[in-house]
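*Asks:* One file is attached below, protein00.cif, containing mmCIF, N, CA and C atoms.
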```
data_work
loop_
_atom_site.label_atom_id
_atom_site.label_comp_id
_atom_site.auth_asym_id
_atom_site.auth_seq_id
_atom_site.Cartn_x
_atom_site.Cartn_y
_atom_site.Cartn_z
N MET A 1 0.85 -1.17 0.00
CA MET A 1 0.00 0.00 0.00
C MET A 1 0.90 1.23 0.00
N ASP A 2 0.52 2.21 -0.80
CA ASP A 2 1.23 3.48 -0.84
C ASP A 2 0.39 4.54 -0.17
N TYR A 3 1.05 5.49 0.46
CA TYR A 3 0.32 6.61 1.01
C TYR A 3 1.22 7.84 1.01
N GLU A 4 0.59 8.99 0.99
CA GLU A 4 1.30 10.25 1.10
C GLU A 4 0.56 11.11 2.09
N LYS A 5 1.30 11.98 2.77
CA LYS A 5 0.70 12.85 3.77
C LYS A 5 0.46 14.22 3.15
N ALA A 6 -0.75 14.72 3.27
CA ALA A 6 -1.10 16.05 2.79
C ALA A 6 -0.95 17.06 3.91
N GLN A 7 -0.75 18.31 3.55
CA GLN A 7 -0.64 19.38 4.54
C GLN A 7 -2.05 19.85 4.91
N THR A 8 -2.60 19.28 5.98
CA THR A 8 -3.95 19.63 6.43
C THR A 8 -4.05 19.37 7.93
N THR A 9 -4.98 20.06 8.55
CA THR A 9 -5.23 19.80 9.97
C THR A 9 -6.40 18.83 10.14
N LYS A 10 -7.11 18.52 9.05
CA LYS A 10 -8.22 17.57 9.10
C LYS A 10 -7.67 16.14 9.16
N GLN A 11 -8.38 15.30 9.87
CA GLN A 11 -8.05 13.88 9.85
C GLN A 11 -8.92 13.24 8.78
N GLN A 12 -8.31 12.92 7.63
CA GLN A 12 -9.06 12.36 6.52
C GLN A 12 -8.17 11.48 5.67
N ILE A 13 -8.79 10.63 4.88
CA ILE A 13 -8.06 9.78 3.95
C ILE A 13 -8.69 9.93 2.57
N ALA A 14 -7.93 9.57 1.56
CA ALA A 14 -8.46 9.52 0.19
C ALA A 14 -8.64 8.05 -0.16
N LEU A 15 -9.84 7.67 -0.45
CA LEU A 15 -10.15 6.30 -0.81
C LEU A 15 -10.12 6.18 -2.33
N THR A 16 -9.23 5.34 -2.85
CA THR A 16 -9.07 5.21 -4.30
C THR A 16 -9.20 3.76 -4.73
N PHE A 17 -9.69 3.59 -5.96
CA PHE A 17 -9.81 2.27 -6.57
C PHE A 17 -9.18 2.33 -7.95
N ASP A 18 -8.56 1.24 -8.36
CA ASP A 18 -7.81 1.21 -9.61
C ASP A 18 -8.27 0.05 -10.49
N ASP A 19 -8.18 0.24 -11.80
CA ASP A 19 -8.38 -0.81 -12.79
C ASP A 19 -9.81 -1.28 -12.98
N GLY A 20 -10.78 -0.44 -12.76
CA GLY A 20 -12.16 -0.80 -13.02
C GLY A 20 -12.64 -0.06 -14.25
N PRO A 21 -13.94 0.01 -14.44
CA PRO A 21 -14.94 -0.68 -13.64
C PRO A 21 -15.07 -2.14 -14.03
N ASP A 22 -15.59 -2.91 -13.10
CA ASP A 22 -15.81 -4.33 -13.32
C ASP A 22 -17.29 -4.61 -13.03
N LYS A 23 -17.94 -5.36 -13.90
CA LYS A 23 -19.38 -5.57 -13.77
C LYS A 23 -19.78 -6.34 -12.51
N LEU A 24 -18.87 -7.14 -11.95
CA LEU A 24 -19.20 -7.90 -10.74
C LEU A 24 -18.72 -7.23 -9.46
N ILE A 25 -17.55 -6.63 -9.49
CA ILE A 25 -16.94 -6.08 -8.28
C ILE A 25 -17.39 -4.65 -8.00
N THR A 26 -17.50 -3.83 -9.04
CA THR A 26 -17.76 -2.41 -8.83
C THR A 26 -19.15 -2.11 -8.25
N PRO A 27 -20.24 -2.72 -8.70
CA PRO A 27 -21.55 -2.38 -8.13
C PRO A 27 -21.65 -2.56 -6.61
N PRO A 28 -21.16 -3.65 -6.02
CA PRO A 28 -21.24 -3.75 -4.55
C PRO A 28 -20.38 -2.70 -3.84
N ILE A 29 -19.26 -2.33 -4.44
CA ILE A 29 -18.44 -1.27 -3.85
C ILE A 29 -19.21 0.04 -3.86
N LEU A 30 -19.84 0.35 -5.00
CA LEU A 30 -20.63 1.58 -5.10
C LEU A 30 -21.81 1.56 -4.12
N ASP A 31 -22.45 0.41 -3.97
CA ASP A 31 -23.56 0.30 -3.02
C ASP A 31 -23.10 0.64 -1.61
N ARG A 32 -21.97 0.09 -1.22
CA ARG A 32 -21.45 0.30 0.15
C ARG A 32 -21.02 1.76 0.36
N LEU A 33 -20.36 2.34 -0.64
CA LEU A 33 -19.95 3.73 -0.54
C LEU A 33 -21.17 4.64 -0.41
N LYS A 34 -22.21 4.35 -1.19
CA LYS A 34 -23.44 5.14 -1.12
C LYS A 34 -24.11 5.00 0.24
N GLU A 35 -24.16 3.76 0.73
CA GLU A 35 -24.77 3.47 2.03
C GLU A 35 -24.09 4.27 3.14
N LYS A 36 -22.77 4.39 3.07
CA LYS A 36 -21.99 5.07 4.10
C LYS A 36 -21.78 6.56 3.83
N GLY A 37 -22.19 7.03 2.63
CA GLY A 37 -21.99 8.43 2.28
C GLY A 37 -20.53 8.79 2.09
N VAL A 38 -19.76 7.87 1.53
CA VAL A 38 -18.32 8.05 1.37
C VAL A 38 -17.98 8.27 -0.11
N PRO A 39 -17.31 9.38 -0.43
CA PRO A 39 -16.87 9.58 -1.81
C PRO A 39 -15.53 8.88 -2.03
N ALA A 40 -15.27 8.51 -3.28
CA ALA A 40 -14.01 7.85 -3.63
C ALA A 40 -13.54 8.37 -4.98
N THR A 41 -12.30 8.02 -5.31
CA THR A 41 -11.74 8.31 -6.61
C THR A 41 -11.46 7.00 -7.31
N PHE A 42 -11.87 6.90 -8.56
CA PHE A 42 -11.69 5.69 -9.35
C PHE A 42 -10.75 6.00 -10.52
N PHE A 43 -9.67 5.24 -10.62
CA PHE A 43 -8.72 5.36 -11.72
C PHE A 43 -8.96 4.20 -12.68
N PHE A 44 -9.34 4.54 -13.91
CA PHE A 44 -9.74 3.53 -14.88
C PHE A 44 -8.79 3.43 -16.05
N GLY A 45 -8.78 2.23 -16.63
CA GLY A 45 -8.31 2.08 -17.99
C GLY A 45 -9.50 2.39 -18.88
N GLY A 46 -9.30 3.25 -19.87
CA GLY A 46 -10.41 3.67 -20.72
C GLY A 46 -11.11 2.51 -21.40
N GLU A 47 -10.35 1.46 -21.70
CA GLU A 47 -10.94 0.29 -22.34
C GLU A 47 -12.05 -0.30 -21.47
N GLN A 48 -11.82 -0.37 -20.15
CA GLN A 48 -12.82 -0.92 -19.24
C GLN A 48 -14.09 -0.06 -19.24
N VAL A 49 -13.93 1.25 -19.28
CA VAL A 49 -15.09 2.14 -19.30
C VAL A 49 -15.91 1.90 -20.56
N SER A 50 -15.23 1.60 -21.68
CA SER A 50 -15.97 1.36 -22.92
C SER A 50 -16.85 0.12 -22.81
N TYR A 51 -16.50 -0.82 -21.93
CA TYR A 51 -17.31 -2.02 -21.73
C TYR A 51 -18.49 -1.76 -20.79
N PHE A 52 -18.30 -0.88 -19.81
CA PHE A 52 -19.30 -0.65 -18.76
C PHE A 52 -19.56 0.84 -18.53
N PRO A 53 -19.99 1.57 -19.55
CA PRO A 53 -20.19 3.02 -19.39
C PRO A 53 -21.26 3.36 -18.35
N GLN A 54 -22.21 2.48 -18.12
CA GLN A 54 -23.25 2.75 -17.14
C GLN A 54 -22.68 2.86 -15.73
N LEU A 55 -21.60 2.13 -15.46
CA LEU A 55 -20.98 2.21 -14.13
C LEU A 55 -20.28 3.55 -13.95
N GLU A 56 -19.63 4.04 -15.00
CA GLU A 56 -18.99 5.35 -14.91
C GLU A 56 -20.06 6.43 -14.68
N LYS A 57 -21.17 6.35 -15.39
CA LYS A 57 -22.25 7.32 -15.22
C LYS A 57 -22.79 7.28 -13.79
N ARG A 58 -22.92 6.08 -13.24
CA ARG A 58 -23.39 5.96 -11.85
C ARG A 58 -22.41 6.62 -10.89
N MET A 59 -21.12 6.37 -11.09
CA MET A 59 -20.11 6.95 -10.20
C MET A 59 -20.17 8.48 -10.21
N VAL A 60 -20.22 9.05 -11.40
CA VAL A 60 -20.29 10.50 -11.51
C VAL A 60 -21.57 11.00 -10.85
N GLY A 61 -22.68 10.33 -11.11
CA GLY A 61 -23.96 10.72 -10.52
C GLY A 61 -23.98 10.65 -9.01
N GLU A 62 -23.17 9.77 -8.44
CA GLU A 62 -23.13 9.61 -6.98
C GLU A 62 -22.02 10.43 -6.34
N GLY A 63 -21.34 11.28 -7.14
CA GLY A 63 -20.37 12.22 -6.58
C GLY A 63 -18.94 11.75 -6.47
N HIS A 64 -18.60 10.66 -7.11
CA HIS A 64 -17.23 10.17 -7.08
C HIS A 64 -16.38 10.87 -8.14
N ILE A 65 -15.08 10.83 -7.97
CA ILE A 65 -14.15 11.40 -8.94
C ILE A 65 -13.66 10.27 -9.85
N ILE A 66 -13.60 10.56 -11.14
CA ILE A 66 -13.16 9.58 -12.14
C ILE A 66 -11.89 10.10 -12.79
N SER A 67 -10.92 9.21 -12.97
CA SER A 67 -9.69 9.56 -13.66
C SER A 67 -9.27 8.40 -14.56
N ASN A 68 -8.79 8.73 -15.75
CA ASN A 68 -8.35 7.72 -16.71
C ASN A 68 -6.82 7.68 -16.68
N HIS A 69 -6.25 6.52 -16.35
CA HIS A 69 -4.79 6.46 -16.30
C HIS A 69 -4.16 5.84 -17.53
N SER A 70 -4.94 5.29 -18.43
CA SER A 70 -4.45 4.80 -19.73
C SER A 70 -5.65 4.20 -20.46
N TRP A 71 -5.46 3.78 -21.69
CA TRP A 71 -6.53 3.10 -22.41
C TRP A 71 -6.60 1.64 -22.03
N ASP A 72 -5.45 0.94 -22.08
CA ASP A 72 -5.48 -0.51 -21.88
C ASP A 72 -4.44 -1.00 -20.87
N HIS A 73 -3.94 -0.11 -20.02
CA HIS A 73 -3.02 -0.47 -18.94
C HIS A 73 -1.78 -1.21 -19.45
N PRO A 74 -1.01 -0.58 -20.36
CA PRO A 74 0.18 -1.25 -20.88
C PRO A 74 1.26 -1.37 -19.80
N GLU A 75 2.21 -2.23 -20.04
CA GLU A 75 3.36 -2.33 -19.13
C GLU A 75 4.30 -1.18 -19.48
N LEU A 76 4.07 -0.04 -18.85
CA LEU A 76 4.78 1.18 -19.22
C LEU A 76 6.28 1.08 -19.05
N PHE A 77 6.74 0.36 -18.05
CA PHE A 77 8.18 0.28 -17.84
C PHE A 77 8.88 -0.57 -18.90
N ASN A 78 8.12 -1.27 -19.71
CA ASN A 78 8.71 -1.98 -20.84
C ASN A 78 8.77 -1.10 -22.08
N THR A 79 8.12 0.06 -22.04
CA THR A 79 8.07 0.92 -23.22
C THR A 79 8.75 2.26 -23.04
N ILE A 80 9.02 2.66 -21.80
CA ILE A 80 9.68 3.93 -21.55
C ILE A 80 10.81 3.75 -20.55
N TYR A 81 11.72 4.69 -20.54
CA TYR A 81 12.81 4.69 -19.56
C TYR A 81 12.63 5.90 -18.67
N VAL A 82 12.60 5.67 -17.37
CA VAL A 82 12.50 6.75 -16.40
C VAL A 82 13.75 6.68 -15.53
N PRO A 83 14.64 7.68 -15.60
CA PRO A 83 15.86 7.64 -14.78
C PRO A 83 15.54 7.45 -13.31
N GLY A 84 16.24 6.56 -12.66
CA GLY A 84 16.05 6.31 -11.23
C GLY A 84 15.05 5.21 -10.91
N TYR A 85 14.36 4.69 -11.92
CA TYR A 85 13.41 3.62 -11.67
C TYR A 85 13.88 2.34 -12.34
N SER A 86 13.68 1.23 -11.64
CA SER A 86 14.06 -0.06 -12.16
C SER A 86 13.05 -0.50 -13.20
N THR A 87 13.51 -1.21 -14.22
CA THR A 87 12.59 -1.76 -15.21
C THR A 87 12.44 -3.27 -15.01
N THR A 88 12.88 -3.77 -13.86
CA THR A 88 12.75 -5.18 -13.55
C THR A 88 11.31 -5.50 -13.14
N LYS A 89 10.75 -6.51 -13.73
CA LYS A 89 9.39 -6.92 -13.36
C LYS A 89 9.43 -7.52 -11.96
N ILE A 90 8.45 -7.17 -11.15
CA ILE A 90 8.38 -7.68 -9.78
C ILE A 90 7.17 -8.56 -9.58
N TYR A 91 6.51 -8.95 -10.64
CA TYR A 91 5.33 -9.80 -10.52
C TYR A 91 5.49 -11.01 -11.37
#
```
Could the structure of this file be written out as structure tokens, please?

*Replies:*
Amino acid sequence: MDYEKAQTTKQQIALTFDDGPDKLITPPILDRLKEKGVPATFFFGGEQVSYFPQLEKRMVGEGHIISNHSWDHPELFNTIYVPGYSTTKIY
């Protein structure tokens, strides 16, 4: 798990989800977030949204933040070089 500390006096967290939406997993997550009144941020591959646009519409309608981090989630470290980062696969 990664985390960063923001400069704030409020005690709060940012709840984020990655690599959706998924037709089986995402609806129960949205149900629970709605039940608890908790907003979240969803980072999607655009390809997934093209399969389930109704889930993206629901998220926006329920006040969540949507962000697209790529179309099809390529293995970026196999295609680009970033100084200071290893290109060794760890999975």

*Asks:* Please identify all polymer residues lying at most 12 Å from the point (-18.4, -1.2, -7.2) (file coordinates), using only C-alpha atoms, and present the result as an MDAnalysis selection string.

*Replies:* chainID A and resid 16:34 40:42 52 54:56 58:59 62 64

*Asks:* Please compute the atom CA of A:Pro53-atom CA of A:Ile66 distance, one decimal, in Å.

*Replies:* 12.0 Å

*Asks:* So how many Å separate atom N of A:Ser50 and atom C of A:Lys36, to one decimal?

*Replies:*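 Straight-line distance from atom N of A:Ser50 to atom C of A:Lys36 works out to 26.8 Å.
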
*Asks:* Between atom CA of A:Ile65 and atom CA of A:Gly45, what is the spacing in Å?

*Replies:*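 Taking atom CA of A:Gly45 as the start and atom CA of A:Ile65 as the end point, the length is 14.2 Å.
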
*Asks:* Can you sort out the box for stretch 7-17 of chain A, edges along x, y and z, all listed atoms in, 6 Å on every side, with centre and edge lengths in Å to one decimal, as JSON?

*Replies:*
```
{"center_x": -5.4, "center_y": 11.2, "center_z": 1.1, "size_x": 21.5, "size_y": 29.8, "size_z": 30.1}
```
